[in-house]
Protein chains: 2
Amino acid sequence: MPVTIYDVAREAGVSMATVSRVVNGNPNVKPATRKKVLDVIEKLGYRPNAVARGLASKRTTTVGVVIPDISSPLFAELARGIDDIANMYKYNIILGDSDQNVEKEISLINTLLEKQVDGMVFMGGAITPEHTRTFTTSSVPIVLAGTRDPEGKLPSVNIDHFQGAYDATTRLINGGHQKVAMITGPLENPLRGRERYEGYLQALKDAGITPREEWIRSGEFRYESGLELAQYFLDLDEDLRPTAIFAGSDALGIGAIHAVQDRGLSVPDDIEVMGFDNIRLAEMVRPRLTTVVQPIYDIGAVAMRLLTKLMNGEDVEQDDVVLPHRIEERNSTRPLSSSANK
Amino acid sequence: MPVTIYDVAREAGVSMATVSRVVNGNPNVKPATRKKVLDVIEKLGYRPNAVARGLASKRTTTVGVVIPDISSPLFAELARGIDDIANMYKYNIILGDSDQNVEKEISLINTLLEKQVDGMVFMGGAITPEHTRTFTTSSVPIVLAGTRDPEGKLPSVNIDHFQGAYDATTRLINGGHQKVAMITGPLENPLRGRERYEGYLQALKDAGITPREEWIRSGEFRYESGLELAQYFLDLDEDLRPTAIFAGSDALGIGAIHAVQDRGLSVPDDIEVMGFDNIRLAEMVRPRLTTVVQPIYDIGAVAMRLLTKLMNGEDVEQDDVVLPHRIEERNSTRPLSSSANK
DNA sequence: TTGAAAGCGCTAACAC
DNA sequence: GTGTTAGCGCTTTCAA
């Protein structure tokens, strides 16, 4: 019983085509006709059926978003970037949590494709051959945000995680440290895990420091992990005990700060801590966390913008976007100048 | 050129109806036929078109979600609760950020309705007559999560904010405090703002304490606000200066803790702080924040569950759900026993 | 257990 | 500027 385009046409004494034209803002309608139709639409409370429109036009103005966990601050901010740009281009997003579980991811992608999304942004961990296979069956563009396709076929937007970790570690070393430890999440995670770890290692080597197995602990990218992993360092013998900790994520870093503080030690006086990501929390602890700033919102926004271009069939010069990162100096590290004369 | 149900039917030598039956798990299909069809589906890589299905069946298995800001920890967790239950019942969610802006909210609701969602969960601030009017035009059920309809017409799920604030304030008073201040967000917000404020006032009155204008500061429900508003108290004369602060949200509470600490004072020794909401951050500060626990995830989950019932046309005994709250004692307040002999 | 056929509400040529 | 007419890909009676 909802009112259809046909009802409007009849009531206004015009054809469905004309109603369709005014609804879609087609200029080829006489102003008088347009007004008449608009009045009837108003009067009848007509609401166009987007599903019917989608079937007829083969465009749904909806994009799919696969996200590991919307309740994670990092991903929530990414999602916000995506949604803002999506809206700007009149798209809505269908959002689904995957928990980085391959099976869920694949199933979600298929569901999204069945729902005829016009495109998709995918956030996750590793891109497996199974992902690639599924992506291949898609007739609509897909862009990766915060992940990269090992084969480099798919468009993506990221930062240079290796370089970020390298810079962070080097910064710590320049602060006078020789014993720089790292805590991280699963190394199986190619970007947040592996690349950051490699960057750390490389920085040590380039500084002539031999990495030690005792300086590297991995768990999850979570606060509790940071709390726990950092304890290990504090129990090490004096000569081995790290004086600086590079955390593979801010949540880990904040956990590390608290682990140190819970022992009655001071950050940064006894141990300096460096984070990675710059989630909002980084400013909401004491001391405030020095960290590698990743433009999280922008990654989402740029990914969505890239997707709109792809959906429009525009060529994109660069479809493997690398956004800049930088280190934000806060209080979990000592200022460089003063630590120089340490 | 994608393969359609018709292609499958032809290739399998059956009718579209039969293919439709096997795809939809209708049992009235001979096993042999089913297998044949399934094989063809596999072989052709057939993917049902959910848009066409939606048009024909008038069900999209999609629900709309209006959220103020997905990048806020509170709402992100609510959203996760919604999505999990939605998935459990085979629904997907279309998510849209409204920034609590009435115009955006209305427009979003209309878009969602055009997209033929089977139902909707709405999160926001105040429900204005304009909201009510728009909701009325909906032929699908709508449930409010974390908001209540002043007229009490719409189904909703909440906690008792007044009581939560009352309990929190009373707890502080029982801890030996007479000068209990409150910092809050906008009082125009009916539940998080107004009701919590009223609960605070009532608790003071019931304890025979006369509320003072100086003890109440309002800003936004944000960390920065907490930092700023709490400063005001610290500058008050000794006889007026609060010894306990009740924060209308955890973000505010954490800000207050830092404001106190930044003055070189101690929480809870010099000033006790109580939060509200129990976002994950509450455990990620030192001292850990004592707070009124609101079952955030569950509010989302219960709201979605309620929506599924409504969408199924099941009767629901109670459509104005009030979930329990409790106070989680952490370290921003002193234990009650020891403060008793203060 | 299966098939035929009539839509679902709209867009998109194409003709006038 | 406006109307006619096919579909879009599927579900759903209704018959058989």
# chains A, B, ... in the order shown; residues from 1 in each chain; ligands from 1
$ select_by_dssp --residues "stretch 72-298 of chain A" --states "strand (DSSP E)" --output "VMD selection string"
chain A and resid 92 to 97 119 to 122 142 to 145 156 to 159 180 to 184 216 to 218 244 to 247 272 to 277 290 to 293
$ residues_around --residues "B:Pro48" --least-positions-apart "2" --cutoff "12 Å" --atoms "only C-alpha atoms (C1' of nucleotides)" --output "JSON, numbers by chain"
{"A": [110, 111, 112, 113, 114, 115, 116], "B": [2, 3, 4, 5, 6, 7, 8, 19, 20, 22, 23, 24, 41, 42, 44, 45, 46, 50, 51, 52, 53, 54], "D": [9, 10]}
$ residues_around --residues "B:Asn331" --least-positions-apart "6" --cutoff "8 Å" --atoms "only C-alpha atoms (C1' of nucleotides)" --output "PyMOL selection string"
chain B and resi 268+286-290
$ write_last_selection --atoms "N, CA, C and O atoms" --output "PDB file, in the first residue's frame"
ATOM      1  N   PRO B 268      42.845   9.166  44.470  1.00  0.00           N
ATOM      2  CA  PRO B 268      41.685   9.697  45.181  1.00  0.00           C
ATOM      3  C   PRO B 268      42.026  10.414  46.493  1.00  0.00           C
ATOM      4  O   PRO B 268      41.098  10.851  47.166  1.00  0.00           O
ATOM      5  N   ARG B 286      45.417   5.699  35.158  1.00  0.00           N
ATOM      6  CA  ARG B 286      45.869   5.519  36.530  1.00  0.00           C
ATOM      7  C   ARG B 286      45.501   6.757  37.296  1.00  0.00           C
ATOM      8  O   ARG B 286      45.904   7.846  36.891  1.00  0.00           O
ATOM      9  N   PRO B 287      44.767   6.705  38.383  1.00  0.00           N
ATOM     10  CA  PRO B 287      44.110   5.511  38.883  1.00  0.00           C
ATOM     11  C   PRO B 287      42.972   5.094  37.970  1.00  0.00           C
ATOM     12  O   PRO B 287      42.403   5.928  37.271  1.00  0.00           O
ATOM     13  N   ARG B 288      42.670   3.821  37.995  1.00  0.00           N
ATOM     14  CA  ARG B 288      41.554   3.334  37.197  1.00  0.00           C
ATOM     15  C   ARG B 288      40.272   3.961  37.727  1.00  0.00           C
ATOM     16  O   ARG B 288      40.095   4.150  38.926  1.00  0.00           O
ATOM     17  N   LEU B 289      39.404   4.294  36.796  1.00  0.00           N
ATOM     18  CA  LEU B 289      38.215   5.081  37.143  1.00  0.00           C
ATOM     19  C   LEU B 289      37.041   4.282  37.706  1.00  0.00           C
ATOM     20  O   LEU B 289      36.514   3.385  37.054  1.00  0.00           O
ATOM     21  N   THR B 290      36.632   4.651  38.903  1.00  0.00           N
ATOM     22  CA  THR B 290      35.400   4.100  39.469  1.00  0.00           C
ATOM     23  C   THR B 290      34.250   4.700  38.673  1.00  0.00           C
ATOM     24  O   THR B 290      34.244   5.900  38.389  1.00  0.00           O
TER      25      THR B 290
END
$ closest_atom_pairs --of "chain B" --to "chain C" --cutoff "6 Å" --atoms "only C-alpha atoms (C1' of nucleotides)" --output "CSV"
residue,atom,partner,partner_atom,distance
B:Val29,CA,C:DT1,C1',6.0
B:Leu55,CA,C:DC8,C1',5.1
B:Ala56,CA,C:DC8,C1',4.6
$ write_last_selection --atoms "N, CA and C atoms" --output "compact mmCIF listing (two decimals), in the first residue's frame"
# COMPACT_ATOMS: atom_id res chain seq x y z
N VAL B 29 11.80 -29.94 -2.81
CA VAL B 29 12.56 -30.17 -4.03
C VAL B 29 13.17 -31.56 -3.92
N LEU B 55 13.11 -6.60 -4.05
CA LEU B 55 11.98 -5.99 -4.73
C LEU B 55 10.81 -6.98 -4.79
N ALA B 56 11.13 -8.20 -5.10
CA ALA B 56 10.07 -9.20 -5.23
C ALA B 56 9.49 -9.61 -3.88
$ closest_residue --among "B:Pro73, B:Gly199, B:Pro335, B:Gly275" --to "chain A" --atoms "only C-alpha atoms"
B:Pro73
$ residues_around --residues "A:Ala207" --least-positions-apart "2" --cutoff "12 Å" --atoms "only C-alpha atoms (C1' of nucleotides)" --output "PyMOL selection string"
chain A and resi 166-167+169-174+176-180+200-205+209-211
$ write_last_selection --atoms "N, CA and C atoms" --output "PDB file, in the first residue's frame"
ATOM      1  N   TYR A 166      60.893   2.353  11.703  1.00  0.00           N
ATOM      2  CA  TYR A 166      62.316   2.682  11.599  1.00  0.00           C
ATOM      3  C   TYR A 166      62.567   4.052  12.224  1.00  0.00           C
ATOM      4  N   ASP A 167      61.736   5.001  11.862  1.00  0.00           N
ATOM      5  CA  ASP A 167      61.882   6.359  12.383  1.00  0.00           C
ATOM      6  C   ASP A 167      61.717   6.395  13.901  1.00  0.00           C
ATOM      7  N   THR A 169      62.133   3.980  16.084  1.00  0.00           N
ATOM      8  CA  THR A 169      63.246   3.324  16.758  1.00  0.00           C
ATOM      9  C   THR A 169      64.492   4.206  16.733  1.00  0.00           C
ATOM     10  N   THR A 170      64.716   4.794  15.587  1.00  0.00           N
ATOM     11  CA  THR A 170      65.868   5.682  15.447  1.00  0.00           C
ATOM     12  C   THR A 170      65.755   6.872  16.394  1.00  0.00           C
ATOM     13  N   ARG A 171      64.563   7.385  16.518  1.00  0.00           N
ATOM     14  CA  ARG A 171      64.333   8.493  17.434  1.00  0.00           C
ATOM     15  C   ARG A 171      64.710   8.106  18.866  1.00  0.00           C
ATOM     16  N   LEU A 172      64.353   6.894  19.221  1.00  0.00           N
ATOM     17  CA  LEU A 172      64.670   6.408  20.559  1.00  0.00           C
ATOM     18  C   LEU A 172      66.191   6.271  20.726  1.00  0.00           C
ATOM     19  N   ILE A 173      66.809   5.732  19.723  1.00  0.00           N
ATOM     20  CA  ILE A 173      68.262   5.562  19.758  1.00  0.00           C
ATOM     21  C   ILE A 173      68.946   6.928  19.853  1.00  0.00           C
ATOM     22  N   ASN A 174      68.449   7.855  19.083  1.00  0.00           N
ATOM     23  CA  ASN A 174      69.001   9.211  19.129  1.00  0.00           C
ATOM     24  C   ASN A 174      68.797   9.862  20.493  1.00  0.00           C
ATOM     25  N   GLY A 176      69.557   8.542  23.040  1.00  0.00           N
ATOM     26  CA  GLY A 176      70.627   8.065  23.901  1.00  0.00           C
ATOM     27  C   GLY A 176      70.506   6.605  24.313  1.00  0.00           C
ATOM     28  N   HIS A 177      69.546   5.928  23.746  1.00  0.00           N
ATOM     29  CA  HIS A 177      69.327   4.540  24.154  1.00  0.00           C
ATOM     30  C   HIS A 177      70.069   3.530  23.283  1.00  0.00           C
ATOM     31  N   GLN A 178      70.549   2.513  23.950  1.00  0.00           N
ATOM     32  CA  GLN A 178      71.149   1.392  23.235  1.00  0.00           C
ATOM     33  C   GLN A 178      70.230   0.178  23.363  1.00  0.00           C
ATOM     34  N   LYS A 179      69.629   0.103  24.535  1.00  0.00           N
ATOM     35  CA  LYS A 179      68.756  -1.044  24.796  1.00  0.00           C
ATOM     36  C   LYS A 179      67.308  -0.672  24.527  1.00  0.00           C
ATOM     37  N   VAL A 180      66.946  -0.815  23.278  1.00  0.00           N
ATOM     38  CA  VAL A 180      65.593  -0.472  22.861  1.00  0.00           C
ATOM     39  C   VAL A 180      64.806  -1.753  22.592  1.00  0.00           C
ATOM     40  N   TYR A 200      61.897  -1.805  12.949  1.00  0.00           N
ATOM     41  CA  TYR A 200      62.590  -1.738  14.239  1.00  0.00           C
ATOM     42  C   TYR A 200      63.967  -2.398  14.142  1.00  0.00           C
ATOM     43  N   LEU A 201      63.971  -3.604  13.591  1.00  0.00           N
ATOM     44  CA  LEU A 201      65.224  -4.349  13.457  1.00  0.00           C
ATOM     45  C   LEU A 201      66.252  -3.597  12.629  1.00  0.00           C
ATOM     46  N   GLN A 202      65.751  -3.073  11.519  1.00  0.00           N
ATOM     47  CA  GLN A 202      66.656  -2.382  10.612  1.00  0.00           C
ATOM     48  C   GLN A 202      67.279  -1.157  11.275  1.00  0.00           C
ATOM     49  N   ALA A 203      66.466  -0.457  12.053  1.00  0.00           N
ATOM     50  CA  ALA A 203      66.960   0.746  12.725  1.00  0.00           C
ATOM     51  C   ALA A 203      68.064   0.374  13.720  1.00  0.00           C
ATOM     52  N   LEU A 204      67.847  -0.713  14.427  1.00  0.00           N
ATOM     53  CA  LEU A 204      68.880  -1.151  15.370  1.00  0.00           C
ATOM     54  C   LEU A 204      70.163  -1.457  14.618  1.00  0.00           C
ATOM     55  N   LYS A 205      70.035  -2.237  13.581  1.00  0.00           N
ATOM     56  CA  LYS A 205      71.215  -2.632  12.811  1.00  0.00           C
ATOM     57  C   LYS A 205      71.955  -1.421  12.257  1.00  0.00           C
ATOM     58  N   ILE A 209      73.549  -1.609  16.593  1.00  0.00           N
ATOM     59  CA  ILE A 209      73.117  -2.323  17.782  1.00  0.00           C
ATOM     60  C   ILE A 209      72.664  -3.722  17.385  1.00  0.00           C
ATOM     61  N   THR A 210      73.104  -4.704  18.113  1.00  0.00           N
ATOM     62  CA  THR A 210      72.680  -6.068  17.812  1.00  0.00           C
ATOM     63  C   THR A 210      71.367  -6.362  18.546  1.00  0.00           C
ATOM     64  N   PRO A 211      70.331  -6.666  17.783  1.00  0.00           N
ATOM     65  CA  PRO A 211      69.037  -6.960  18.409  1.00  0.00           C
ATOM     66  C   PRO A 211      69.168  -8.179  19.323  1.00  0.00           C
TER      67      PRO A 211
END
$ interface_residues --of "chain A" --to "chain D" --cutoff "8 Å" --atoms "only C-alpha atoms (C1' of nucleotides)" --output "VMD selection string"
chain A and resid 15 17 to 18 28 to 30 55 to 58
$ residues_around --residues "A:Asp298" --least-positions-apart "5" --cutoff "9 Å" --atoms "only C-alpha atoms (C1' of nucleotides)" --output "MDAnalysis selection string"
chainID A and resid 78 81:82 303 323
$ atom_distance --atom1 "atom CA of B:Thr128" --atom2 "atom CA of B:Val140"
19.4 Å
$ atom_distance --atom1 "atom CA of A:Leu227" --atom2 "atom CA of A:Ile257"
7.8 Å
$ residues_around --residues "A:Gly313" --least-positions-apart "6" --cutoff "12 Å" --atoms "only C-alpha atoms (C1' of nucleotides)" --output "compact mmCIF listing (two decimals) with all heavy atoms, in the first residue's frame"
# COMPACT_ATOMS: atom_id res chain seq x y z
N ASP A 118 27.96 -0.94 -4.87
CA ASP A 118 28.64 -0.37 -6.04
C ASP A 118 30.15 -0.44 -5.90
O ASP A 118 30.88 -0.15 -6.85
CB ASP A 118 28.23 1.09 -6.21
CG ASP A 118 26.77 1.24 -6.58
OD1 ASP A 118 26.21 0.27 -7.15
OD2 ASP A 118 26.18 2.30 -6.30
N GLY A 119 30.61 -0.78 -4.71
CA GLY A 119 32.04 -0.86 -4.46
C GLY A 119 32.24 -1.28 -3.03
O GLY A 119 31.28 -1.45 -2.28
N VAL A 140 32.63 -5.15 -9.14
CA VAL A 140 32.75 -3.77 -8.69
C VAL A 140 34.11 -3.56 -8.03
O VAL A 140 34.74 -4.50 -7.56
CB VAL A 140 31.63 -3.41 -7.67
CG1 VAL A 140 30.26 -3.52 -8.33
CG2 VAL A 140 31.72 -4.26 -6.42
N PRO A 141 34.57 -2.31 -8.04
CA PRO A 141 35.89 -2.02 -7.48
C PRO A 141 35.98 -2.25 -5.97
O PRO A 141 35.00 -2.06 -5.25
CB PRO A 141 36.11 -0.55 -7.81
CG PRO A 141 34.78 0.01 -8.12
CD PRO A 141 33.95 -1.11 -8.62
N LEU A 306 39.05 7.34 -3.29
CA LEU A 306 39.61 6.53 -4.37
C LEU A 306 38.53 5.62 -4.94
O LEU A 306 38.38 5.48 -6.16
CB LEU A 306 40.78 5.71 -3.80
CG LEU A 306 41.50 4.76 -4.74
CD1 LEU A 306 42.00 5.49 -5.98
CD2 LEU A 306 42.68 4.11 -4.01
N LEU A 307 37.75 5.05 -4.04
CA LEU A 307 36.69 4.15 -4.48
C LEU A 307 35.66 4.88 -5.35
O LEU A 307 35.21 4.34 -6.37
CB LEU A 307 36.00 3.53 -3.25
CG LEU A 307 34.93 2.48 -3.55
CD1 LEU A 307 35.51 1.32 -4.36
CD2 LEU A 307 34.30 1.97 -2.27
$ atom_distance --atom1 "atom CA of A:Ser218" --atom2 "atom CA of A:Ile327"
22.5 Å
$ select_by_dssp --residues "stretch 53-247 of chain A" --states "helix (DSSP H, G or I)" --output "ChimeraX atom specification"
/A:53-57,73-88,102-114,129-136,161-174,190-206,213-215,223-234
$ residues_around --residues "A:Lys90" --least-positions-apart "4" --cutoff "9 Å" --atoms "only C-alpha atoms (C1' of nucleotides)" --output "list of chain:residue names"
A:Thr61, A:Thr62, A:Ile85, A:Ala86
$ closest_residue --among "B:Gly25, B:Gly96, B:Gly208, B:Pro31" --to "chain A" --atoms "only C-alpha atoms"
B:Gly96
